[in-house]
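S.K.: One structure, pasted below without further comment.
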Amino acid sequence: LQPEQRFWLRLGGVLPAAEVYLNGEYVGYTSSSRTQQRVDVTPWIRPGATNHVAIRVCDPPEVRLDGLWEMTEAYGFWNGVYRSLAVQVAHRTAVADLYVCPDIHTGRVRVEVALTKAPELPADLVLRVRDGRRLVAEERVPAGTAAVNAWVTLKDFGLWSPAHPKLYGLEVSVVARRGRRVLDRVDLRFGMRAIRTDAQRFYLNDQPIYVRCF
């Protein structure tokens with residue numbers, strides 16, 4: 001383990017919730033059964049040795065992060081870990097969270113990036129959007145703080161809809177200016193779409209959409 005590196009334990013999903021222990025030490029508690037979460041386990045991990053992860057499935061918190069209502073009776077049918085778990089090694093300045101908000105009327109995509117900490121040396125945030133393997137947009141902005149907002153513009157794009165679920169690939173990299181070293185990189189997919197509602201209808205891309213409920 002290099003001095004600038006950190007170990008992260010990533011949990012894809014646990015239903016309804018879980019307490020997490022590493023080598024007998026409590027490291028965290030999940031607050032959402034739907035959203036993946038991760039915790040910095042560097043203080044408790046033993047590089048080069050066998051490490052033991054224990055997950056105690058328990059009741060959900062009173063205040064949920066995902067805002068979903070679940071029938072507690074369903075937990076008797078199935079519960080526990082239902083997505084993958086992984087241990088990741090990343091630079092101490094890494095991407096902790098991403099929020100993508102497209103504007104279908106201008107083609108601009110706002111990307112809000114939360115870093116684990118502000119870069120200690122001059123660095124940039126590099127955003128690349130791909131349509132398959134084809135690069136369609138690229139932007140570079142200074143990354144001087146732990147929270148960075150950036151915009152990337154798509155000139156020609158297809159709209160996402162249930163009938164045509166068009167997705168683009170977004171690559172976000174934290175790059176040190178000296179030596180062009182990539183400190184961290186995160187990839188995700190997004191669609192160019194707009195959802196809104198009024199008193200009577202839902203609208204997708206400015207067109208009415210009808211939702212079936214039970």
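Residues are named by chain letter and number: chains run A, B, ... in the order of the structure tokens, numbers start at 1 in each chain, and ligands are numbered from 1 in the order shown.
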Counting only C-alpha atoms, which residues of range 147-181 of chain A fall within 7 Å of range 95-114 of chain A, and what is the closest atom pair for each with its distance in Å at one decimal, ordered by chain and rising number, as a tab-separated table?
M.R.:
```
residue	atom	partner	partner_atom	distance
A:Ala147	CA	A:Ala114	CA	4.7
A:Val148	CA	A:Val113	CA	5.2
A:Asn149	CA	A:Glu112	CA	4.6
A:Ala150	CA	A:Val111	CA	5.2
A:Trp151	CA	A:Arg110	CA	4.6
A:Val152	CA	A:Val109	CA	5.3
A:Thr153	CA	A:Arg108	CA	4.3
A:Leu154	CA	A:Gly107	CA	5.1
A:Lys155	CA	A:Gly107	CA	6.4
```
S.K.: I'd like the contact shell of range 31-47 of chain A - 6 Å cut-off, only C-alpha atoms, skipping same-chain residues fewer than 5 positions apart - returned as a PDB file with N, CA and C atoms, in the first residue's frame.
M.R.:
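So the final result, stored in part_9.pdb, reads:
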```pdb
ATOM      1  N   ARG A   6      -5.808   4.407  -0.633  1.00  0.00           N
ATOM      2  CA  ARG A   6      -6.792   4.054   0.384  1.00  0.00           C
ATOM      3  C   ARG A   6      -7.542   2.798  -0.066  1.00  0.00           C
ATOM      4  N   PHE A   7      -7.971   1.999   0.902  1.00  0.00           N
ATOM      5  CA  PHE A   7      -8.799   0.825   0.629  1.00  0.00           C
ATOM      6  C   PHE A   7     -10.270   1.187   0.860  1.00  0.00           C
ATOM      7  N   TRP A   8     -11.126   0.801  -0.111  1.00  0.00           N
ATOM      8  CA  TRP A   8     -12.561   1.063  -0.019  1.00  0.00           C
ATOM      9  C   TRP A   8     -13.306  -0.261  -0.136  1.00  0.00           C
ATOM     10  N   LEU A   9     -14.266  -0.474   0.765  1.00  0.00           N
ATOM     11  CA  LEU A   9     -15.160  -1.621   0.683  1.00  0.00           C
ATOM     12  C   LEU A   9     -16.461  -1.140   0.058  1.00  0.00           C
ATOM     13  N   ARG A  10     -16.801  -1.721  -1.092  1.00  0.00           N
ATOM     14  CA  ARG A  10     -18.010  -1.317  -1.819  1.00  0.00           C
ATOM     15  C   ARG A  10     -19.072  -2.405  -1.680  1.00  0.00           C
ATOM     16  N   LEU A  11     -20.269  -2.011  -1.235  1.00  0.00           N
ATOM     17  CA  LEU A  11     -21.395  -2.919  -1.105  1.00  0.00           C
ATOM     18  C   LEU A  11     -22.441  -2.562  -2.145  1.00  0.00           C
ATOM     19  N   GLY A  12     -22.759  -3.532  -3.000  1.00  0.00           N
ATOM     20  CA  GLY A  12     -23.719  -3.263  -4.057  1.00  0.00           C
ATOM     21  C   GLY A  12     -25.126  -3.114  -3.557  1.00  0.00           C
ATOM     22  N   GLY A  13     -25.531  -3.949  -2.593  1.00  0.00           N
ATOM     23  CA  GLY A  13     -26.882  -3.853  -2.058  1.00  0.00           C
ATOM     24  C   GLY A  13     -27.145  -4.911  -1.003  1.00  0.00           C
ATOM     25  N   VAL A  14     -27.760  -4.499   0.091  1.00  0.00           N
ATOM     26  CA  VAL A  14     -28.137  -5.409   1.171  1.00  0.00           C
ATOM     27  C   VAL A  14     -29.578  -5.071   1.574  1.00  0.00           C
ATOM     28  N   LEU A  15     -30.428  -6.077   1.643  1.00  0.00           N
ATOM     29  CA  LEU A  15     -31.828  -5.883   1.993  1.00  0.00           C
ATOM     30  C   LEU A  15     -32.133  -6.558   3.337  1.00  0.00           C
ATOM     31  N   PRO A  16     -32.746  -5.809   4.285  1.00  0.00           N
ATOM     32  CA  PRO A  16     -33.110  -4.381   4.218  1.00  0.00           C
ATOM     33  C   PRO A  16     -31.953  -3.443   4.567  1.00  0.00           C
ATOM     34  N   ALA A  17     -31.074  -3.845   5.472  1.00  0.00           N
ATOM     35  CA  ALA A  17     -29.934  -3.021   5.856  1.00  0.00           C
ATOM     36  C   ALA A  17     -28.894  -3.929   6.517  1.00  0.00           C
ATOM     37  N   ARG A  64     -34.741   6.624   5.724  1.00  0.00           N
ATOM     38  CA  ARG A  64     -34.100   5.946   4.617  1.00  0.00           C
ATOM     39  C   ARG A  64     -33.529   6.953   3.627  1.00  0.00           C
ATOM     40  N   LEU A  65     -32.381   6.615   3.043  1.00  0.00           N
ATOM     41  CA  LEU A  65     -31.788   7.475   2.027  1.00  0.00           C
ATOM     42  C   LEU A  65     -32.526   7.356   0.699  1.00  0.00           C
ATOM     43  N   ASP A  66     -33.033   6.167   0.374  1.00  0.00           N
ATOM     44  CA  ASP A  66     -33.637   5.982  -0.941  1.00  0.00           C
ATOM     45  C   ASP A  66     -35.099   6.394  -1.000  1.00  0.00           C
TER      46      ASP A  66
END
```
S.K.: Considering only C-alpha atoms, state which residue in the set A:Pro119, A:Asn79, A:Val27, A:Phe190 is at the smallest distance from Gly158 in chain A.
M.R.: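 Ranked by minimum distance to Gly158 in chain A, first place goes to A:Phe190.
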S.K.: Tell me, as a PyMOL selection string, which residues lie within 9 Å of Gly132 in chain A, counting only C-alpha atoms; anything in the same chain fewer than 4 positions away does not count.
M.R.: chain A and resi 167-169
S.K.: With N, CA, C and O atoms retained, write the just-selected residues as a short mmCIF file (atom, residue, chain, number, x, y, z; two decimals), in the first residue's frame.
M.R.:
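Generated output (selection05.cif):
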```cif
data_model
loop_
_atom_site.label_atom_id
_atom_site.label_comp_id
_atom_site.auth_asym_id
_atom_site.auth_seq_id
_atom_site.Cartn_x
_atom_site.Cartn_y
_atom_site.Cartn_z
N LEU A 167 -28.35 5.30 -24.54
CA LEU A 167 -27.46 5.66 -23.43
C LEU A 167 -26.09 6.07 -23.96
O LEU A 167 -25.61 5.54 -24.97
N TYR A 168 -25.48 7.02 -23.26
CA TYR A 168 -24.12 7.47 -23.55
C TYR A 168 -23.20 7.09 -22.39
O TYR A 168 -23.64 6.95 -21.25
N GLY A 169 -21.94 6.92 -22.70
CA GLY A 169 -20.96 6.60 -21.67
C GLY A 169 -20.22 7.85 -21.23
O GLY A 169 -19.73 8.62 -22.07
#
```
S.K.: For Gly179 in chain A, list every protein, DNA or RNA residue within 12 Å, evaluated using only C-alpha atoms, and leave out those in the same chain fewer than 4 positions away; present the list as an mmCIF file with N, CA and C atoms, in the first residue's frame.
M.R.:
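Saved to around-v4.cif:
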```
data_model
loop_
_atom_site.group_PDB
_atom_site.id
_atom_site.type_symbol
_atom_site.label_atom_id
_atom_site.label_comp_id
_atom_site.auth_asym_id
_atom_site.auth_seq_id
_atom_site.Cartn_x
_atom_site.Cartn_y
_atom_site.Cartn_z
ATOM 1 N N LEU A 121 -2.045 18.488 -5.070
ATOM 2 C CA LEU A 121 -1.256 19.096 -6.139
ATOM 3 C C LEU A 121 -2.199 19.524 -7.261
ATOM 4 N N PRO A 122 -1.781 20.460 -8.135
ATOM 5 C CA PRO A 122 -2.661 20.903 -9.220
ATOM 6 C C PRO A 122 -3.172 19.732 -10.047
ATOM 7 N N ALA A 123 -4.480 19.723 -10.267
ATOM 8 C CA ALA A 123 -5.108 18.631 -11.007
ATOM 9 C C ALA A 123 -6.300 19.153 -11.785
ATOM 10 N N VAL A 175 -6.981 14.024 -13.077
ATOM 11 C CA VAL A 175 -5.656 13.923 -13.692
ATOM 12 C C VAL A 175 -4.732 14.978 -13.095
ATOM 13 N N LEU A 183 -5.265 9.985 -11.334
ATOM 14 C CA LEU A 183 -5.408 9.621 -9.928
ATOM 15 C C LEU A 183 -6.600 8.705 -9.708
#
```
S.K.: How many Å separate CA of Ala194 in chain A from CA of Asp156 in chain A?
M.R.: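 So the answer is 16.3 Å.
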S.K.: Quick one: of A:Glu171, A:Pro162, A:Ala54, A:Thr116, who's nearest to Val136 in chain A, counting only C-alpha atoms?
M.R.: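 The shortest atom-to-atom distance to Val136 in chain A comes from A:Glu171.
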